[in-house]
Structure formats: structure tokens, C-alpha cells
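Heads up, protein_17.cif below (mmCIF, C-alpha atoms):
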```cif
data_target
loop_
_atom_site.label_atom_id
_atom_site.label_comp_id
_atom_site.auth_asym_id
_atom_site.auth_seq_id
_atom_site.Cartn_x
_atom_site.Cartn_y
_atom_site.Cartn_z
CA MET L 1 -6.57 8.85 11.77
CA ILE L 2 -4.45 6.34 13.70
CA GLN L 3 -5.47 6.40 17.35
CA SER L 4 -4.41 4.74 20.54
CA GLY L 5 -4.91 5.31 24.23
CA ASP L 6 -6.93 8.44 24.98
CA ALA L 7 -7.36 9.27 21.28
CA LEU L 8 -9.05 5.94 20.60
CA GLU L 9 -11.25 6.35 23.68
CA ALA L 10 -12.31 9.76 22.37
CA ALA L 11 -13.08 8.27 18.96
CA ILE L 12 -15.19 5.58 20.63
CA ASP L 13 -17.00 8.27 22.62
CA ALA L 14 -17.86 10.02 19.34
CA VAL L 15 -19.50 6.97 17.76
CA VAL L 16 -21.36 5.56 20.76
CA PRO L 17 -24.37 7.87 20.18
CA LEU L 18 -24.53 6.73 16.54
CA PHE L 19 -24.88 3.11 17.62
CA GLN L 20 -27.37 3.98 20.32
CA SER L 21 -29.64 6.16 18.18
CA GLY L 22 -29.39 4.47 14.78
CA MET L 23 -31.92 1.83 13.80
CA ARG L 24 -30.67 0.45 10.47
CA PHE L 25 -27.13 -0.92 10.25
CA VAL L 26 -24.98 -2.63 7.62
CA LEU L 27 -21.79 -4.38 8.71
CA THR L 28 -19.19 -5.48 6.18
CA THR L 29 -15.58 -6.59 5.90
CA HIS L 30 -12.91 -7.25 3.30
CA ILE L 31 -12.79 -9.70 0.43
CA ASN L 32 -11.99 -13.26 1.57
CA PRO L 33 -12.95 -12.56 5.18
CA ASP L 34 -10.95 -14.09 8.01
CA GLY L 35 -11.71 -14.91 11.63
CA ASP L 36 -11.00 -11.39 12.81
CA GLY L 37 -13.33 -9.68 10.36
CA LEU L 38 -16.12 -12.23 10.76
CA GLY L 39 -15.89 -12.50 14.54
CA SER L 40 -15.89 -8.72 14.86
CA GLN L 41 -18.95 -8.41 12.63
CA LEU L 42 -20.91 -11.05 14.47
CA ALA L 43 -20.08 -9.72 17.95
CA LEU L 44 -21.25 -6.22 17.05
CA ALA L 45 -24.28 -7.60 15.19
CA ALA L 46 -25.29 -9.54 18.32
CA TRP L 47 -25.35 -6.34 20.38
CA LEU L 48 -27.34 -4.48 17.73
CA ARG L 49 -29.82 -7.32 17.28
CA ASP L 50 -30.35 -7.62 21.04
CA ARG L 51 -31.41 -3.98 21.08
CA GLY L 52 -34.01 -4.41 18.38
CA LYS L 53 -31.93 -2.76 15.67
CA GLU L 54 -32.23 -3.81 12.05
CA VAL L 55 -28.79 -5.18 11.16
CA LYS L 56 -27.57 -6.64 7.88
CA VAL L 57 -24.20 -8.39 7.75
CA ILE L 58 -23.15 -8.41 4.10
CA ASN L 59 -19.80 -9.33 2.55
CA HIS L 60 -18.44 -9.54 -0.97
CA SER L 61 -17.13 -13.07 -0.39
CA PRO L 62 -18.85 -16.11 1.08
CA THR L 63 -17.99 -17.12 4.64
CA PRO L 64 -15.23 -19.74 4.66
CA ALA L 65 -16.52 -23.10 5.86
CA VAL L 66 -14.17 -23.14 8.84
CA TYR L 67 -15.90 -20.06 10.33
CA ARG L 68 -19.54 -20.97 9.70
CA PHE L 69 -19.89 -22.38 13.21
CA LEU L 70 -19.79 -18.77 14.47
CA ASP L 71 -22.92 -17.99 12.44
CA PRO L 72 -25.41 -20.84 13.03
CA ALA L 73 -28.33 -18.61 12.02
CA ARG L 74 -26.55 -17.80 8.72
CA MET L 75 -26.89 -14.10 9.39
CA ILE L 76 -24.03 -13.22 7.03
CA ARG L 77 -25.07 -12.69 3.42
CA GLU L 78 -22.96 -12.78 0.28
CA PHE L 79 -23.58 -9.48 -1.52
CA ASP L 80 -26.23 -9.47 -4.22
CA ALA L 81 -26.78 -6.02 -5.69
CA ALA L 82 -30.40 -6.68 -6.60
CA HIS L 83 -31.21 -7.85 -3.08
CA ASP L 84 -28.89 -5.75 -0.90
CA ALA L 85 -28.48 -2.36 -2.58
CA SER L 86 -31.62 -0.95 -0.97
CA ALA L 87 -30.50 -1.97 2.54
CA ILE L 88 -27.16 -0.27 2.01
CA ALA L 89 -28.80 2.85 0.59
CA SER L 90 -31.29 3.14 3.47
CA ALA L 91 -28.89 2.36 6.34
CA ASP L 92 -28.31 4.87 9.12
CA LEU L 93 -24.79 3.54 9.72
CA ILE L 94 -22.43 1.38 7.66
CA VAL L 95 -19.60 -0.19 9.65
CA ILE L 96 -16.55 -1.30 7.65
CA MET L 97 -14.46 -3.72 9.70
CA ASP L 98 -10.92 -5.10 9.46
CA THR L 99 -10.06 -3.05 6.39
CA ASN L 100 -9.45 0.64 5.93
CA ARG L 101 -9.70 0.80 2.14
CA PRO L 102 -13.01 0.77 0.26
CA ASP L 103 -11.58 -1.12 -2.72
CA ARG L 104 -11.18 -4.13 -0.41
CA LEU L 105 -14.99 -4.34 -0.39
CA ARG L 106 -14.89 -5.17 -4.10
CA THR L 107 -18.43 -5.45 -5.51
CA MET L 108 -19.85 -3.63 -2.49
CA GLN L 109 -17.63 -0.58 -2.85
CA ASP L 110 -19.87 1.48 -5.13
CA ALA L 111 -23.02 0.86 -3.10
CA VAL L 112 -21.28 1.65 0.19
CA MET L 113 -19.70 4.83 -1.10
CA ALA L 114 -22.93 6.04 -2.75
CA SER L 115 -25.05 5.51 0.36
CA PRO L 116 -25.98 8.61 2.37
CA ALA L 117 -25.38 6.59 5.55
CA MET L 118 -22.71 7.58 8.03
CA ARG L 119 -19.65 5.35 7.65
CA VAL L 120 -17.55 4.06 10.57
CA CYS L 121 -14.28 2.25 9.92
CA ILE L 122 -12.99 -0.11 12.64
CA ASP L 123 -9.56 -1.50 11.86
CA HIS L 124 -5.98 -2.08 13.02
CA HIS L 125 -4.02 -1.66 9.78
CA LEU L 126 -1.77 1.19 8.66
CA ASP L 127 -2.47 3.89 6.06
CA PRO L 128 -6.27 4.28 6.14
CA ALA L 129 -7.95 5.81 3.09
CA PRO L 130 -10.16 8.89 3.62
CA PHE L 131 -13.57 7.36 2.95
CA ALA L 132 -15.42 7.30 6.32
CA GLN L 133 -16.73 9.96 8.67
CA HIS L 134 -15.49 8.14 11.79
CA TYR L 135 -12.45 5.92 12.36
CA LEU L 136 -11.67 3.58 15.23
CA ILE L 137 -8.16 2.61 14.18
CA ASP L 138 -5.31 1.45 16.39
CA ASP L 139 -2.41 -0.15 14.54
CA ASN L 140 -0.99 -1.30 17.87
CA ALA L 141 -4.07 -3.45 18.52
CA THR L 142 -3.66 -7.18 17.97
CA SER L 143 -6.85 -7.33 15.95
CA THR L 144 -10.03 -5.56 14.95
CA GLY L 145 -11.71 -7.80 17.52
CA GLU L 146 -9.74 -6.10 20.28
CA ILE L 147 -11.07 -2.68 19.19
CA VAL L 148 -14.64 -4.01 18.93
CA TYR L 149 -14.20 -5.43 22.44
CA ARG L 150 -13.40 -1.92 23.70
CA LEU L 151 -16.40 -0.51 21.82
CA LEU L 152 -18.74 -3.15 23.27
CA LEU L 153 -17.49 -2.49 26.79
CA ARG L 154 -18.65 1.08 26.29
CA LEU L 155 -21.95 0.12 24.68
CA HIS L 156 -22.84 -2.92 26.77
CA GLY L 157 -20.64 -2.95 29.85
CA PRO L 158 -18.46 -5.86 31.02
CA ASP L 159 -21.26 -8.46 31.13
CA LEU L 160 -20.89 -9.49 27.50
CA THR L 161 -23.15 -12.29 26.30
CA SER L 162 -21.63 -15.69 25.60
CA GLU L 163 -22.27 -15.13 21.89
CA MET L 164 -20.35 -11.86 21.85
CA ALA L 165 -17.57 -13.42 23.90
CA ALA L 166 -17.16 -16.40 21.56
CA ASP L 167 -17.14 -14.20 18.45
CA LEU L 168 -14.54 -11.85 19.90
CA TYR L 169 -12.38 -14.70 21.20
CA ALA L 170 -12.32 -16.22 17.70
CA ALA L 171 -11.44 -12.83 16.20
CA ILE L 172 -8.55 -12.19 18.56
CA MET L 173 -7.26 -15.79 18.61
CA THR L 174 -7.02 -16.04 14.84
CA ASP L 175 -5.38 -12.67 14.27
CA THR L 176 -2.79 -13.28 16.99
CA GLY L 177 -1.82 -16.70 15.64
CA SER L 178 -3.28 -18.30 18.77
CA PHE L 179 -1.71 -15.60 20.96
CA ARG L 180 1.86 -15.96 19.69
CA TYR L 181 2.41 -12.88 17.46
CA PRO L 182 4.55 -9.91 18.57
CA ARG L 183 1.74 -7.54 19.63
CA VAL L 184 0.39 -10.04 22.18
CA ASN L 185 0.93 -8.74 25.71
CA THR L 186 -0.55 -8.91 29.18
CA ARG L 187 -3.58 -6.90 28.09
CA THR L 188 -4.32 -9.38 25.28
CA HIS L 189 -4.43 -12.25 27.75
CA GLU L 190 -6.56 -10.22 30.16
CA ILE L 191 -9.09 -9.68 27.38
CA ALA L 192 -9.01 -13.39 26.50
CA ALA L 193 -9.53 -14.29 30.16
CA HIS L 194 -12.53 -11.96 30.39
CA LEU L 195 -14.04 -13.48 27.24
CA ILE L 196 -13.59 -16.98 28.65
CA ASP L 197 -15.23 -15.85 31.89
CA ARG L 198 -18.15 -14.55 29.80
CA GLY L 199 -18.67 -17.91 28.06
CA ALA L 200 -16.15 -18.29 25.23
CA ASP L 201 -14.95 -21.90 25.05
CA PRO L 202 -11.28 -21.77 23.98
CA VAL L 203 -11.01 -25.52 23.38
CA ALA L 204 -14.10 -25.69 21.16
CA ILE L 205 -13.24 -22.54 19.23
CA TYR L 206 -9.67 -23.67 18.55
CA SER L 207 -10.89 -27.11 17.52
CA GLU L 208 -13.48 -25.76 15.10
CA ILE L 209 -10.97 -23.49 13.37
CA TYR L 210 -7.75 -25.49 13.41
CA GLU L 211 -8.65 -29.15 13.87
CA ARG L 212 -11.33 -29.82 11.27
CA TRP L 213 -9.37 -30.01 8.03
CA SER L 214 -10.76 -31.77 5.00
CA ARG L 215 -8.70 -34.52 3.36
CA GLY L 216 -8.31 -32.23 0.38
CA ARG L 217 -6.80 -29.48 2.47
CA ILE L 218 -4.27 -31.87 3.99
CA HIS L 219 -3.29 -33.06 0.50
CA LEU L 220 -3.05 -29.42 -0.61
CA LEU L 221 -0.68 -28.70 2.28
CA GLY L 222 1.51 -31.59 1.17
CA GLU L 223 1.68 -30.30 -2.40
CA MET L 224 2.44 -26.77 -1.18
CA LEU L 225 5.24 -28.00 1.09
CA ALA L 226 6.76 -29.82 -1.87
CA SER L 227 7.08 -26.42 -3.59
CA LEU L 228 9.21 -24.99 -0.75
CA GLU L 229 12.33 -23.10 -1.80
CA THR L 230 14.79 -20.99 0.13
CA SER L 231 16.79 -18.00 -1.09
CA HIS L 232 19.25 -15.39 0.10
CA GLY L 233 21.31 -17.69 2.27
CA GLY L 234 18.29 -19.56 3.61
CA ARG L 235 16.78 -16.41 5.11
CA VAL L 236 13.80 -16.25 2.73
CA ALA L 237 11.50 -19.25 2.35
CA HIS L 238 8.73 -19.28 -0.23
CA VAL L 239 5.99 -21.66 -1.30
CA ALA L 240 3.34 -21.65 -3.99
CA VAL L 241 -0.18 -22.92 -4.48
CA THR L 242 -1.28 -23.23 -8.09
CA GLN L 243 -4.70 -23.53 -9.64
CA ASP L 244 -3.78 -27.09 -10.66
CA MET L 245 -3.13 -27.96 -7.01
CA LEU L 246 -6.52 -26.58 -6.01
CA ARG L 247 -8.25 -28.59 -8.73
CA ARG L 248 -6.42 -31.83 -7.91
CA THR L 249 -7.19 -31.59 -4.20
CA GLN L 250 -10.73 -30.19 -4.72
CA THR L 251 -9.95 -27.21 -2.50
CA GLU L 252 -10.40 -23.47 -2.73
CA GLU L 253 -8.47 -20.30 -1.94
CA GLU L 254 -9.89 -20.23 1.59
CA ASP L 255 -8.18 -23.55 2.32
CA THR L 256 -4.77 -21.82 2.19
CA GLU L 257 -5.49 -19.73 5.29
CA ASN L 258 -2.60 -19.89 7.79
CA PHE L 259 -0.36 -21.71 5.28
CA THR L 260 2.14 -18.86 5.74
CA THR L 261 3.04 -20.52 9.04
CA TYR L 262 5.01 -23.21 7.24
CA PRO L 263 7.72 -21.26 5.39
CA MET L 264 8.27 -19.26 8.58
CA SER L 265 8.90 -22.53 10.44
CA VAL L 266 12.12 -23.22 8.53
CA ASP L 267 15.13 -22.67 10.77
CA GLY L 268 16.94 -19.43 9.97
CA VAL L 269 14.14 -17.90 7.89
CA ARG L 270 13.48 -14.18 8.40
CA ILE L 271 10.93 -13.66 5.60
CA GLY L 272 8.28 -16.19 4.53
CA ILE L 273 6.18 -15.78 1.39
CA LEU L 274 3.16 -17.66 0.09
CA PHE L 275 2.26 -17.22 -3.58
CA LEU L 276 -1.30 -18.20 -4.50
CA GLU L 277 -2.08 -18.40 -8.20
CA LEU L 278 -5.50 -16.90 -8.98
CA ASP L 279 -7.63 -17.20 -12.11
CA ARG L 280 -6.14 -13.83 -12.99
CA GLY L 281 -2.97 -12.86 -11.21
CA VAL L 282 -1.26 -13.83 -7.97
CA LYS L 283 -2.07 -13.25 -4.31
CA ILE L 284 1.00 -12.85 -2.10
CA SER L 285 1.13 -13.26 1.68
CA PHE L 286 4.22 -12.02 3.51
CA ARG L 287 5.47 -12.79 7.02
CA SER L 288 8.66 -11.58 8.72
CA ARG L 289 10.53 -11.66 11.99
CA GLY L 290 11.78 -8.85 14.20
CA ASN L 291 12.00 -5.43 12.59
CA ILE L 292 11.94 -6.63 8.99
CA PRO L 293 9.06 -4.67 7.40
CA ALA L 294 6.84 -7.12 5.56
CA ASN L 295 4.45 -4.23 4.93
CA ALA L 296 7.14 -2.25 3.08
CA LEU L 297 7.89 -5.25 0.87
CA ALA L 298 4.16 -5.69 0.20
CA ALA L 299 3.84 -1.98 -0.63
CA GLU L 300 6.29 -2.44 -3.52
CA PHE L 301 3.59 -4.60 -5.12
CA GLY L 302 0.56 -2.47 -4.25
CA GLY L 303 -0.20 -4.14 -0.93
CA ASN L 304 -0.15 -3.18 2.74
CA GLY L 305 -0.43 -4.64 6.21
CA HIS L 306 1.51 -4.81 9.44
CA LEU L 307 5.23 -4.82 10.16
CA ASN L 308 5.39 -8.63 10.32
CA ALA L 309 2.31 -9.63 8.30
CA ALA L 310 1.16 -8.14 5.00
CA GLY L 311 -0.30 -9.01 1.65
CA ALA L 312 -0.60 -7.91 -1.97
CA ARG L 313 -2.30 -8.91 -5.20
CA ILE L 314 -0.77 -8.61 -8.65
CA GLU L 315 -3.38 -8.61 -11.38
CA ASN L 316 -2.64 -10.60 -14.53
CA GLY L 317 0.88 -11.60 -13.41
CA ALA L 318 2.25 -15.06 -14.19
CA LEU L 319 3.13 -17.04 -11.07
CA ALA L 320 6.72 -17.93 -11.97
CA ALA L 321 7.63 -14.38 -12.97
CA VAL L 322 5.93 -12.84 -9.94
CA ARG L 323 7.62 -15.30 -7.61
CA LYS L 324 11.09 -14.45 -8.93
CA THR L 325 10.50 -10.69 -8.86
CA VAL L 326 9.15 -10.69 -5.31
CA VAL L 327 11.81 -12.99 -3.92
CA ASP L 328 14.52 -10.86 -5.52
CA ALA L 329 12.96 -7.73 -4.00
CA ALA L 330 12.96 -9.30 -0.53
CA ALA L 331 16.77 -9.23 -0.40
CA LYS L 332 16.96 -5.51 0.37
CA TYR L 333 14.94 -5.95 3.58
CA LEU L 334 17.30 -8.52 5.09
CA PRO L 335 19.97 -7.40 7.56
CA PRO L 336 23.59 -7.82 6.47
CA LEU L 337 25.02 -11.26 7.01
CA THR L 338 27.43 -11.41 9.92
CA SER L 339 30.63 -13.39 9.91
CA PRO L 340 30.53 -16.68 11.84
#
```

This structure in C-alpha cells:
Amino acid sequence: MIQSGDALEAAIDAVVPLFQSGMRFVLTTHINPDGDGLGSQLALAAWLRDRGKEVKVINHSPTPAVYRFLDPARMIREFDAAHDASAIASADLIVIMDTNRPDRLRTMQDAVMASPAMRVCIDHHLDPAPFAQHYLIDDNATSTGEIVYRLLLRLHGPDLTSEMAADLYAAIMTDTGSFRYPRVNTRTHEIAAHLIDRGADPVAIYSEIYERWSRGRIHLLGEMLASLETSHGGRVAHVAVTQDMLRRTQTEEEDTENFTTYPMSVDGVRIGILFLELDRGVKISFRSRGNIPANALAAEFGGNGHLNAAGARIENGALAAVRKTVVDAAAKYLPPLTSP
């Protein structure tokens, strides 16, 4: 299912007629959507809407406040079975974006899988599950937004609207860590340049996403940084966010987005881990440098992701015990220490 180069172009060729001929579309993404999933949804929805298609953008989770500027018309709905089940059941095409596993749709999974609609999965993660009829998956892509960009070039041509350009720029910028992650190359910057030429405002988009923190989020960051610990000779740094921290700072899970940057900023660290205590269980975000496989470490705990960025959730686990177990497991992924 993983495609790149000519194989991805062929997969795009296969789905173009579905987008051209279909009239009723549902677009969705994973639980706790990020900039990549949301920007990709909105860019594709803009093209569909401009062609008079009926398009519903429905997610399990609400849109994080930091990304609502991308959706001024509030097109994205939080899933309500009583209201949305009929739209999913009657759709011609359901597009699942930025995830390749139906369980990541949570409450929407049953309705999506029961629908007679054709399913298209657009994603850039490894190990897709066999649940769709068509896959546009390139694990070498920086983001799902990059794949949607290629799809929209085929559907629309290079003269993307300013709305599409802004949505795609936000998708790619956020999933590349503002163009600093390993997969970023000349092509990534060429795409960004084209999107800016088509109307994306890089200053405004960056400011909306990264420079509009609430006081609570800044206090939460301070509390998280106070939890910083290092292990394995200073090569693993880990932090934790507890439910008590969230209550004290009046913040939510979405306010921890990009907090994984901070343990990775410690000099000498090769693996950074963020533990987020949930009402039930623990969410774990992994980052790594070089060839250290964060995705393999995440897989030990039922997760997945990319080589240098991955995640997992442990249901019903206690934070302290999970933290110790995961940090201990990280040791085997570190290269041997060399003599000074």
C-alpha cells in the first residue's frame, strides 16, 4: 500500500475520477486532530465545495482553538451520531486523512466502516490497515498536506485558491516543525514557495499557530518543564503533564501540542518523551534523532508513527509506572556509548 514516485501518481490517477464524479463527500481525520489533518481536510473541502459538491467535514474530536482560524465558517463538525450517521451512510466517498487505521476515528469508526461509500485513505504513516478501497500513502512525504497538494494539482491545476494554499501551508508547516524535520528537502520548500505565491501568508499562519498562547498554556509549560528528568547517561529526556496540572492551569490536552520540542532541546538527548496523563491511561509522544526508531519504541506499547516521531496510548495505566517502564525500554534503542 505504501507508494511513492510513479506508484503514488498512479494511485492519484485512480481516485481522480471518484472526486470528479461523486457528489456527496465526508472528510475525516484522527482523534485530537492536528494542523496537518485539519489543513488537509479544509483544502480538499474547499475544492469540493467550489465545484458544487456536498461535503461534510466531521471529526471525532473538536477542533483545537489554535486551528480555528483556518475554518472561519465553522465547516468542521464534531461527530454526533444522531445528526451525522445519515450523511456518512449516504456518502459517495469517505476520505480518511492523516491516519491509516480506522480505530483512530474512535466514535466514527463504526459508521464509517458500515457505510457503503467508497473509502479513500490519504496518509504518510507506516503500516496501513486494510480498511479502504483506495490508498494515497507515501511515508516519505513530510505530511498528509503534501500528498493532498499533489492530488489538488491533478484536480485543480497549479492555480490553487488562496484558501487552499493557506490550508496546505498550515498542514505542511506544522508537520515539518516549521520546516526543520529530517524529511524536509528542496521539494518541500518549492511547495511552500508555490503556496505563498498562491496567497498563503507565512507570517500570519505562523503567528496564529505558535504565537497566541493563553496564560494557562504558558503556566502549563512551566509546570511541565519542572518535571523534566534525564536517563541513560543524559541521552533520554522525559517530561510529564498530569491531570492536576491541567486543572490548575485551566488547560486541556490540546494545549500540550508541540511540547515534545522541549525535552529534545536538552543538549545530548537522543530520545525525548512526553507523558500525558489522561482520565484513563497515559498518552505518550516520542521523538528521536538520527536513525533511532521512535516508531519501534512506540510499537512496544501499541503505537506507531515515523522513524523520528511516534505516539502510543496505554489504557488504564498509572502515570508513574508507565513512565518508568517506557523510559527503561528506551535504553535498547540507544547506540553504545563511546569512550571519550

Test item: the PyMOL selection byres ((chain L and resi 135-143) around 9) resolved as an MDAnalysis selection string = chainID L and resid 1:5 8:9 11:12 15 36:37 98 100 119:126 128 132:134 144:148 171:176 181:184 188 306

Work out how far apart atom CA of Arg187 of chain L and atom CA of Met164 of chain L are and give it in Å to one decimal.
->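 Answer for the atom CA of Arg187 of chain L to atom CA of Met164 of chain L separation: 18.6 Å.
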
Name the closest residue to Glu163 of chain L among the candidates L:Ala192, L:Leu220, L:Ile76, L:Ala43; distances are taken between atoms, counting all atoms listed in the file.
-> L:Ala43

For Leu42 of chain L, work out the shell of residues within 9 Å, counting only C-alpha atoms and skipping chain neighbours fewer than 3 positions away, then give it as a PDB file with C-alpha atoms, in the coordinates of the input.
```
ATOM      1  CA  LEU L  27     -21.790  -4.380   8.710  1.00  0.00           C
ATOM      2  CA  GLY L  37     -13.330  -9.680  10.360  1.00  0.00           C
ATOM      3  CA  LEU L  38     -16.120 -12.230  10.760  1.00  0.00           C
ATOM      4  CA  GLY L  39     -15.890 -12.500  14.540  1.00  0.00           C
ATOM      5  CA  ALA L  45     -24.280  -7.600  15.190  1.00  0.00           C
ATOM      6  CA  ALA L  46     -25.290  -9.540  18.320  1.00  0.00           C
ATOM      7  CA  TRP L  47     -25.350  -6.340  20.380  1.00  0.00           C
ATOM      8  CA  VAL L  57     -24.200  -8.390   7.750  1.00  0.00           C
ATOM      9  CA  LEU L  70     -19.790 -18.770  14.470  1.00  0.00           C
ATOM     10  CA  ASP L  71     -22.920 -17.990  12.440  1.00  0.00           C
ATOM     11  CA  MET L  75     -26.890 -14.100   9.390  1.00  0.00           C
ATOM     12  CA  ILE L  76     -24.030 -13.220   7.030  1.00  0.00           C
ATOM     13  CA  GLU L 163     -22.270 -15.130  21.890  1.00  0.00           C
ATOM     14  CA  MET L 164     -20.350 -11.860  21.850  1.00  0.00           C
ATOM     15  CA  ASP L 167     -17.140 -14.200  18.450  1.00  0.00           C
ATOM     16  CA  LEU L 168     -14.540 -11.850  19.900  1.00  0.00           C
TER      17      LEU L 168
END
```

Pick out the closest residue to Pro158 of chain L from this set: L:Ile191, L:Ala320, L:Ala85, L:Ala170. Count only C-alpha atoms.
->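 Of L:Ile191, L:Ala320, L:Ala85, L:Ala170, the one nearest Pro158 of chain L is L:Ile191, counting only C-alpha atoms.
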
Enter the distance from atom CA of Thr161 of chain L to atom CA of Tyr67 of chain L, in Å, rounded to one decimal.
-> 19.2 Å

Atom CA of Glu277 of chain L and atom CA of Gln243 of chain L are how many Å apart?
->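 Interatomic distance, atom CA of Glu277 of chain L to atom CA of Gln243 of chain L: 5.9 Å.
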
Run through the PyMOL selection byres ((chain L and resi 252) around 10) on the given coordinates and return the selected residues as a PyMOL selection string.
-> chain L and resi 64+216-217+220+243+245-247+249-251+253-256

Contact residues around Val55 of chain L with only C-alpha atoms at 12 Å, ignoring same-chain residues under 2 positions, as a PyMOL selection string | chain L and resi 19+22-28+41-53+57-58+75-77+87-88+90-95
